[in-house]
Amino acid sequence: MNLDELYQEVILDHYKRPRGAGLREPYEGESHQVNPTCGDEITLRVHVEGDKVADVSYDNVGCSISKASASVMYELVNGATVDDALAKLAEFTELMNSKGQSEGDEESLEDAVAFAGVSKYPMRVKCALLGWKAFQDALIRAEASSGRTNA
């Protein structure tokens with residue numbers, strides 16, 4: 001099995017068995033994002049305790065890439081510190097904006113490196129980033145409600 005096939009398997013696994021799916025309470029920030037070019041949608045909630053992302057929950061409809069990316073994002077940011085979660089967001093965004101020129105750091109991004117090939121297709125980049133943008137927006141809203149300003 002070559003690397004592209006392995007990455008396809010990772011994306012399919014997250015698509016078929018999404019981690020963190022289903023909206024949960026409590027939460028301090030919620031964001032609803034839509035990709036108008038393809039119709040993908042996500043509603044995402046963030047629960048923050050102190051400096052920790054205590055829970056991320058979401059409900060999404062869309063293509064395998066947007067659904068799998070939200071699942072991978074959940075695994076990377078749920079339970080992380082806010083600063084670490086923001087660093088993962090920045091690193092994944094950089095990977096998606098690389099136009100196929102970056103493979104990503106597997107040690108840091110784990111399963112998210114499977115989306116490196118997606119970065120070659122601008123229309124698909126929006127799909128991969130949808131959940132991450134919802135996370136960023138929900139985190140900003142959560143921090144605003146608590147008086148923190150970090151995102």
# chains A, B, ... in the order shown; residues from 1 in each chain; ligands from 1
$ closest_atom_pairs --of "region 57-78 of chain A" --to "region 89-98 of chain A" --cutoff "10 Å" --atoms "only C-alpha atoms" --output "JSON lines"
{"residue": "A:Met73", "atom": "CA", "partner": "A:Leu89", "partner_atom": "CA", "distance": 8.4}
{"residue": "A:Leu76", "atom": "CA", "partner": "A:Leu89", "partner_atom": "CA", "distance": 9.2}
{"residue": "A:Val77", "atom": "CA", "partner": "A:Leu89", "partner_atom": "CA", "distance": 8.5}
$ write_last_selection --atoms "C-alpha atoms" --output "PDB file, in the first residue's frame"
ATOM      1  CA  MET A  73      -9.595  18.183  14.212  1.00  0.00           C
ATOM      2  CA  LEU A  76      -6.096  17.020  17.761  1.00  0.00           C
ATOM      3  CA  VAL A  77      -7.704  19.807  19.807  1.00  0.00           C
TER       4      VAL A  77
END
$ select_by_dssp --residues "chain A" --states "helix (DSSP H, G or I)" --output "count of residues only"
83
$ residues_around --residues "Pro36 (chain A)" --least-positions-apart "3" --cutoff "12 Å" --atoms "only C-alpha atoms" --output "list in words"
Gln33, Gly39, Asp40, Glu41, Ile42, Gly62, Met123, Lys126, Cys127 and Leu130 of chain A
$ write_last_selection --atoms "N, CA and C atoms" --output "PDB file, in the first residue's frame"
ATOM      1  N   GLN A  33     -20.969  27.198  10.287  1.00  0.00           N
ATOM      2  CA  GLN A  33     -20.254  27.593   9.074  1.00  0.00           C
ATOM      3  C   GLN A  33     -20.812  26.828   7.879  1.00  0.00           C
ATOM      4  N   GLY A  39     -22.007  23.377  -0.369  1.00  0.00           N
ATOM      5  CA  GLY A  39     -23.137  23.106   0.510  1.00  0.00           C
ATOM      6  C   GLY A  39     -22.785  22.417   1.811  1.00  0.00           C
ATOM      7  N   ASP A  40     -21.509  22.124   2.058  1.00  0.00           N
ATOM      8  CA  ASP A  40     -21.118  21.536   3.342  1.00  0.00           C
ATOM      9  C   ASP A  40     -21.474  22.504   4.468  1.00  0.00           C
ATOM     10  N   GLU A  41     -21.919  21.944   5.598  1.00  0.00           N
ATOM     11  CA  GLU A  41     -22.269  22.751   6.763  1.00  0.00           C
ATOM     12  C   GLU A  41     -21.779  22.081   8.031  1.00  0.00           C
ATOM     13  N   ILE A  42     -21.461  22.904   9.033  1.00  0.00           N
ATOM     14  CA  ILE A  42     -21.093  22.388  10.342  1.00  0.00           C
ATOM     15  C   ILE A  42     -21.571  23.355  11.417  1.00  0.00           C
ATOM     16  N   GLY A  62     -22.018  16.948   4.739  1.00  0.00           N
ATOM     17  CA  GLY A  62     -21.153  17.338   3.646  1.00  0.00           C
ATOM     18  C   GLY A  62     -20.369  16.170   3.106  1.00  0.00           C
ATOM     19  N   MET A 123     -10.635  24.012  -4.435  1.00  0.00           N
ATOM     20  CA  MET A 123     -12.048  23.870  -4.070  1.00  0.00           C
ATOM     21  C   MET A 123     -12.221  22.900  -2.892  1.00  0.00           C
ATOM     22  N   LYS A 126     -11.298  24.322   0.988  1.00  0.00           N
ATOM     23  CA  LYS A 126     -12.381  24.909   1.772  1.00  0.00           C
ATOM     24  C   LYS A 126     -13.132  23.834   2.546  1.00  0.00           C
ATOM     25  N   CYS A 127     -13.313  22.673   1.939  1.00  0.00           N
ATOM     26  CA  CYS A 127     -13.984  21.560   2.618  1.00  0.00           C
ATOM     27  C   CYS A 127     -13.178  21.112   3.831  1.00  0.00           C
ATOM     28  N   LEU A 130     -13.291  23.753   6.753  1.00  0.00           N
ATOM     29  CA  LEU A 130     -14.578  24.200   7.285  1.00  0.00           C
ATOM     30  C   LEU A 130     -14.702  23.984   8.798  1.00  0.00           C
TER      31      LEU A 130
END
$ atom_distance --atom1 "CA of Glu30 (chain A)" --atom2 "CA of Gly104 (chain A)"
28.4 Å
$ closest_residue --among "A:His47, A:Asn78, A:Asp137, A:His32" --to "Asn60 (chain A)" --atoms "only C-alpha atoms"
A:His32
$ residues_around --residues "region 19-28 of chain A" --least-positions-apart "3" --cutoff "8 Å" --atoms "only C-alpha atoms" --output "list in words"
His14, Leu44, Arg45, Val46, His47, Val48, Asp55, Val56, Ser57, Tyr58, Asp59, Ser71, Val72, Tyr74, Glu75, Arg141, Ala142, Glu143 and Ser145 of chain A
$ closest_residue --among "A:Ser108, A:Asn2, A:Ser119, A:Ser146" --to "Lys88 (chain A)" --atoms "only C-alpha atoms"
A:Ser108
$ residues_around --residues "Leu6 (chain A)" --least-positions-apart "5" --cutoff "12 Å" --atoms "only C-alpha atoms" --output "PyMOL selection string"
chain A and resi 1+11-13+111+113-115+117
